[in-house]
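A short worksheet on the structure shown next.
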Amino acid sequence: MKKFTFKGVLDGFRSSVGTSGPNQSSKTYEQEISETLKADHFSVTKTFCHGFPYQPTAIAYDPVQRLLVIGTKSGCLRLLGRPGVDLSSRHDPECGAVLHLQFVWNEGMLVSATSDDSLHLWNFRLKKPTVIQSLKFQRERITCLQLPFQSKWLFVGTERGNVHIVNTDTFQLSGYIINWNKAIELSRKTHPGPVVYLGDNPIDPNKLLIGFETGQLVMWDLRNKCAEMRFQASEPLRSLSWHSDGKQFMSAHADGSLVTWNVRQSPKPISVTWPHSRNTKEGRAEPCKSIQKVEWKSSKIGDNFVIFSGGLTVDRAGRTPSLTVIHGKTTTVLEMEHNVLDFVVLSDSTWESELQDPYGIVVLLQQDLVVIDLLTPGYPCFENPYPMDIHESPVTCCIYLADCPGDLIPAFYSVGSKTQKKSGFSDRDWPINGGQWGSTSCSYAEIIITGHADGSLKFWDASSTNLQVLYKVKTSKPFERPKKSRSTETMEEDPFAVCDIALCPESRYLAVAGASCQILLFKFKKHEHTSETAVIEIPIIYEVDDLGGSGFDFVKMGESSGKGNNPDYFCPIRPKVGLQKKSPGYQVELICLTPWVDGEPPGAISTLAVNSSYGLMAYGNEAGLVVVDIFQKIALFNVGTPDLYGTADPYQRAPKSPKKPDITDEKSPTDQVELVDSFLDNAQKLEQTPNNTPVDDQSLTSSGSTIENNIEVGSVSEFEEEKFLDVPEIPKCKSTTPTSTKHRTGKHTWSQVKVLIKKSLGEKKLAQAQTTTVQGPSSSQTIDAKYLSPTIPMICANNEHGQFIVSANASSSEDLSLDETNDEMKVSAERPTDLAIPHPRTTTAKKSVMNVKKSKKSKCMDLRGENSGSLTGLIKKIHKLDTTFARSRSSSMSSLDNITSEAIQCLAFIDCMSRRNDYSVWPTLWVGTSLGSILVISIKLPVAGDARKSEPVLVSPSGTIFRLKGSILAMSFLDCNGILIPGSNEPWKDESREQKAKTPTKSLSAGQSPTQSVDSGNTDRQFAVLVSEKQSRVVALPSQTCIYKQQLCESAFVVKANVTTIKDAVCLVCYMSNGHLTIYSLPSLKLLIDVDFVPLSDLR
């Protein structure tokens, strides 16, 4: 007798499945798609560092090579030369901040002193700047450096007052030490303090001038190793500077005074002056702040230059950072926007004994680099060729675009040069012009767009080594200046700060989301234009209370009212009204405002997407999703995130804040069934009402409760049967809340109400439900029950004229299944003819149509586990019908998850096969949430042409749901050959030329994908790459089979993920929170590289 084993049974089952299993299909896909990327194709290297160095600390200049270097608190070095010469390097992290810098003039080498008491010798002549020598000081902190021209002896001053000499050839201490106790007078009984200055005599290199912090000055003879002369200032010393004749030097002190000394006369000062001090009425001199640094430069053509920072009177010094230039008898104070850290005087002379003839000053500020022209009257600034003003206003958002259309950069530059003319700069060329600019550049166009806290956008050309600003847009320009009031006290300091940017490079559509939850849609035009701006007010509300109610609405701007039961809508920013003159370039076409509701601010906009081919824009926040028709300028879809699931919601929605239960409002299951019975009885009464009899709102309520407590919210999803129900005209209009509503009045709209039909409901009452008719005073339409999906919600709306519109559904297919062969359920829809619409502040109102069609049951595909897509996982799904992913959102049912909000995190418009085993390619919107869900929204577009601007666009959930662990970060799509499918788009057209000569263009028909035609085959033709904070999955479409999976991280999480094309192949790039950069091949998700890039905490 043959012996049966469990293993044998499983093997037989697997063999019976054949090649249809997911494991076998994975091998098939791997054989069909060849992946060419390898690990040796990648090398992670920092190429450029744009913008102003963060937290600068030191500066140095090589007058021979004309190179400038800036050191930072994080140990970074930035080397600048002529435009395009821009190098970045960094010390080891343990070295700490850069304290001092000193060029080895004309040698391509640099000496840096760091906070770990070390000296480092850099070689910039190599392709990559490298530290070739380091020297560590023991128990002494370095306070200053000095290296004379063409000398190999580096003088190093320390905090203990000693001076060490280092040989730059060997980078070792020479053994020559000038101890502080030998330098000062023998009669002095106190320590002179740290060394703050070291400088050799311009005409005698054997004499070294040493300045101590307490004001002690020593002229040291290097050959004889003794002090030749000593000077004592009455105030603490800050800086010293030699005159070119070598006979005099000038000192700057803490009391704002400048003191001149002569080395051949007595040790007393020649003169003491306070440049900015004035005598008060009492005859006393005004106190001044410290002078931090002074430079004394001679000139061939006239008087000397004395340049210093600080020294202003006490009442001005704290408010006005400045640099003072004294030329002869003329004193010029140059006010700076930020604190002055250091400055360097530019001169053609390399020897200090020669006449200097300075021509410029390089000033290092806390947040800027300024170069002043000393040869032009008024001392204007040179226009900085480096992108130092990226952080002129803090950067709040940034996007990078590669391989853009070739005409995009010239278009931006053309409008930018016309609208942004700079004045007040020097006409002379940029003086720091050392180095050679590499002629190599990218073969493709690169653009960086930065959004700022002041609401501005800057477009940068990143195609070459130097970042060049092309164009600037102010998103705050279409708005009035915000006024301070009590209601705006909780507003952000920067109400126009840019939060998100979406650009369609082909059509040049630009969408921007701001900090006040405003969304602006811009259209690119070459010529100036005067027009009004369409404005839509779209509240995004979703709240879960004890009754399970929810609220969504979109209203026309200016219609909000705080009277009665209506919610109080408030917008902290107001758009400008009337005709507005718009400059060439990006001109705002549409503004979508998200108002505050009852004093509560809306959640910040979390994601944004725009598609020029569909003519749609989508955005979302923590409450829900909005889809806007940018052609007709109306809101098409405004739904809370939970209602995107329909009956497949896996979560129990908890209220954001605990509320005390109201005993009178609580309903037992028996009470709920009785409420449904009452509703059906009222429906029978309405069926017998004559057509000309108005509907009474009170007849639709029972036991003091409204039916809205028992209505399920959802959306229509299938397009096979094109039967639809027209509801009252409500685009951009006010809420349609019933006036008889007792609970949560003022926040309920047509998308709030829901019906719960229990299994205990008998067949008799079901038959009654299928013959229900709601009538109104005007003509009606009839819709069959078979077109009402068992998983698609009822729609209930009531307007101010008393018309009531109802459609039917069941909350779950397990509770109730509608037989298509049964009698038809007739629902009458009334279209009011005199709907009151207030004075519009937008374009002409369009018709909003709610379409109800046949839909299949929503299916949730769980891709979180390791068995997702495997044979075992499929068997479990077949036998476990009552999973947490198919349960109702009713609070009476248990759930493993209890959440308060689910934010929309990711959006993607794409032509794809959205339904299982349906090989038709449809326009869709894929929505990723913060809880790891991916929901597919179907889009039905009218026929292209004039109909697109008048006929409605149908938007509804398709019922396809995927789930991953962690928040969704990216969604991309591949074709059958593994090539990245781009989003469909329309090319940009010059409207001014089209008006002169219109030529017919061939457009795509509705539902036709521009990237892939409809395939009637029985194999998967697309692949969806889904990426979350923890996982990545590749799903074959339309079979919706998970063919590849990858756990991206365990303890860490993915910060940013993107699917991109490299070397004509597609890969997934992920940046982890632990600083690692990982790259996976697609579609197999094989790990190619995993390198330690930069920790998340050290991004600056």
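If you're wondering about the labels, chains in the structure tokens are A, B, ... by order shown, residues count from 1 in each chain, ligands from 1 in order shown.
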
Could you make a table, as JSON lines, of the residues of range 305-374 of chain A that have an atom within 10 Å of an atom of range 49-56 of chain A, each with its nearest atom pair and distance in Å to one decimal, counting only C-alpha atoms, in chain and number order?
```
{"residue": "A:Leu341", "atom": "CA", "partner": "A:Pro56", "partner_atom": "CA", "distance": 8.2}
{"residue": "A:Asp342", "atom": "CA", "partner": "A:Pro56", "partner_atom": "CA", "distance": 9.8}
{"residue": "A:Leu364", "atom": "CA", "partner": "A:Pro56", "partner_atom": "CA", "distance": 8.1}
{"residue": "A:Leu365", "atom": "CA", "partner": "A:Pro56", "partner_atom": "CA", "distance": 8.2}
{"residue": "A:Gln366", "atom": "CA", "partner": "A:Pro56", "partner_atom": "CA", "distance": 6.7}
{"residue": "A:Gln367", "atom": "CA", "partner": "A:Phe52", "partner_atom": "CA", "distance": 7.0}
{"residue": "A:Asp368", "atom": "CA", "partner": "A:Phe52", "partner_atom": "CA", "distance": 6.5}
{"residue": "A:Leu369", "atom": "CA", "partner": "A:Phe52", "partner_atom": "CA", "distance": 7.8}
```

Convert the current residue selection to file output with C-alpha atoms, as a CSV table (one decimal), in the first residue's frame.
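Resulting contents of out_2.csv:
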```csv
chain,number,residue,atom,x,y,z
A,341,LEU,CA,33.5,87.1,10.9
A,342,ASP,CA,36.6,88.0,9.0
A,364,LEU,CA,33.1,86.8,5.2
A,365,LEU,CA,29.7,87.2,6.9
A,366,GLN,CA,27.8,84.8,9.0
A,367,GLN,CA,25.5,83.9,6.1
A,368,ASP,CA,27.0,85.5,3.0
A,369,LEU,CA,30.2,86.3,1.1
```

Non-local contacts of Leu77 in chain A (7 Å; only C-alpha atoms; under 3 positions in same chain excluded) as an MDAnalysis selection string: chainID A and resid 69:72 88:90

Dump N, CA and C atoms for the selected residues as a compact mmCIF listing (two decimals), in the first residue's frame?
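Output saved as again10.txt:
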```txt
# COMPACT_ATOMS: atom_id res chain seq x y z
N VAL A 69 39.64 80.40 0.15
CA VAL A 69 39.20 79.20 0.85
C VAL A 69 38.45 79.62 2.10
N ILE A 70 37.37 78.87 2.41
CA ILE A 70 36.53 79.13 3.58
C ILE A 70 36.45 77.85 4.39
N GLY A 71 36.67 77.97 5.69
CA GLY A 71 36.54 76.84 6.61
C GLY A 71 35.27 76.96 7.43
N THR A 72 34.74 75.82 7.88
CA THR A 72 33.47 75.82 8.60
C THR A 72 33.61 75.12 9.94
N SER A 88 35.12 71.28 -2.88
CA SER A 88 34.75 71.07 -1.49
C SER A 88 35.49 69.86 -0.96
N SER A 89 35.91 69.97 0.28
CA SER A 89 36.57 68.86 0.95
C SER A 89 36.27 68.96 2.43
N ARG A 90 36.73 67.96 3.17
CA ARG A 90 36.37 67.94 4.59
C ARG A 90 37.44 67.20 5.39
```

Would you give me, as CSV, each residue of range 398-482 of chain A having an atom within 9 Å of an atom of range 525-537 of chain A, along with its shortest atom pair and that distance in Å to one decimal, using only C-alpha atoms and sorting by chain and residue number?
```
residue,atom,partner,partner_atom,distance
A:Ala411,CA,A:Lys526,CA,8.3
A:Ser414,CA,A:Lys526,CA,8.9
A:Val415,CA,A:Lys526,CA,7.2
A:Pro478,CA,A:Thr533,CA,8.3
```

Asp918 in chain A environment, 9 Å, only C-alpha atoms, sequence neighbours closer than 5 positions dropped, as a ChimeraX atom specification: /A:913,1037-1039

Who sits within 8 Å of Ala445 in chain A, only C-alpha atoms, same chain under 5 positions skipped, as a list in words: Ala402, Asp403, Cys404, Pro405, Gly406, Ile409, Asp461, Ala462 and Ser463 of chain A

Counting only C-alpha atoms, which residues of range 330-366 of chain A fall within 12 Å of range 245-269 of chain A, and what is the closest atom pair for each with its distance in Å at one decimal, ordered by chain and rising number, as a Markdown table?
```
| residue | atom | partner | partner_atom | distance |
| --- | --- | --- | --- | --- |
| A:Trp351 | CA | A:Asp245 | CA | 11.4 |
| A:Glu352 | CA | A:Asp245 | CA | 8.6 |
| A:Ser353 | CA | A:Asp245 | CA | 6.1 |
| A:Glu354 | CA | A:Asp245 | CA | 8.0 |
| A:Leu355 | CA | A:Asp245 | CA | 8.6 |
| A:Gln356 | CA | A:Asp245 | CA | 10.8 |
```

Hey, can you spit out that residue selection with all heavy atoms as a CSV table (one decimal), in the first residue's frame?
```csv
chain,number,residue,atom,x,y,z
A,351,TRP,N,54.5,91.2,-2.0
A,351,TRP,CA,55.5,91.5,-0.9
A,351,TRP,C,54.9,92.7,-0.1
A,351,TRP,O,54.5,93.7,-0.6
A,351,TRP,CB,56.8,92.0,-1.5
A,351,TRP,CG,57.5,90.9,-2.3
A,351,TRP,CD1,57.4,90.7,-3.7
A,351,TRP,CD2,58.3,89.8,-1.8
A,351,TRP,NE1,58.1,89.6,-4.1
A,351,TRP,CE2,58.7,89.1,-2.9
A,351,TRP,CE3,58.7,89.4,-0.6
A,351,TRP,CZ2,59.5,87.9,-2.8
A,351,TRP,CZ3,59.5,88.3,-0.4
A,351,TRP,CH2,59.9,87.6,-1.5
A,352,GLU,N,54.9,92.5,1.2
A,352,GLU,CA,54.3,93.5,2.1
A,352,GLU,C,55.2,94.8,2.1
A,352,GLU,O,54.7,95.8,2.6
A,352,GLU,CB,54.2,93.0,3.5
A,352,GLU,CG,53.1,91.9,3.6
A,352,GLU,CD,52.8,91.5,5.0
A,352,GLU,OE1,53.4,92.2,5.9
A,352,GLU,OE2,52.1,90.5,5.2
A,353,SER,N,56.4,94.7,1.7
A,353,SER,CA,57.3,95.9,1.7
A,353,SER,C,57.0,96.8,0.5
A,353,SER,O,57.4,98.0,0.5
A,353,SER,CB,58.8,95.5,1.6
A,353,SER,OG,59.0,94.7,0.5
A,354,GLU,N,56.2,96.4,-0.5
A,354,GLU,CA,55.8,97.2,-1.6
A,354,GLU,C,54.5,97.9,-1.3
A,354,GLU,O,53.8,97.6,-0.4
A,354,GLU,CB,55.6,96.3,-2.8
A,354,GLU,CG,56.9,95.6,-3.3
A,354,GLU,CD,56.6,94.7,-4.5
A,354,GLU,OE1,55.4,94.5,-4.8
A,354,GLU,OE2,57.6,94.1,-5.0
A,355,LEU,N,54.3,99.0,-2.1
A,355,LEU,CA,53.0,99.7,-1.9
A,355,LEU,C,51.9,98.8,-2.3
A,355,LEU,O,51.9,98.1,-3.4
A,355,LEU,CB,53.0,101.0,-2.8
A,355,LEU,CG,54.1,102.0,-2.4
A,355,LEU,CD1,54.0,103.2,-3.4
A,355,LEU,CD2,53.8,102.5,-1.0
A,356,GLN,N,50.9,98.7,-1.5
A,356,GLN,CA,49.8,97.7,-1.7
A,356,GLN,C,48.8,98.0,-2.8
A,356,GLN,O,48.5,97.1,-3.6
A,356,GLN,CB,49.1,97.5,-0.3
A,356,GLN,CG,50.0,97.1,0.8
A,356,GLN,CD,50.7,95.8,0.6
A,356,GLN,OE1,50.1,94.8,0.3
A,356,GLN,NE2,52.1,95.9,0.6
```
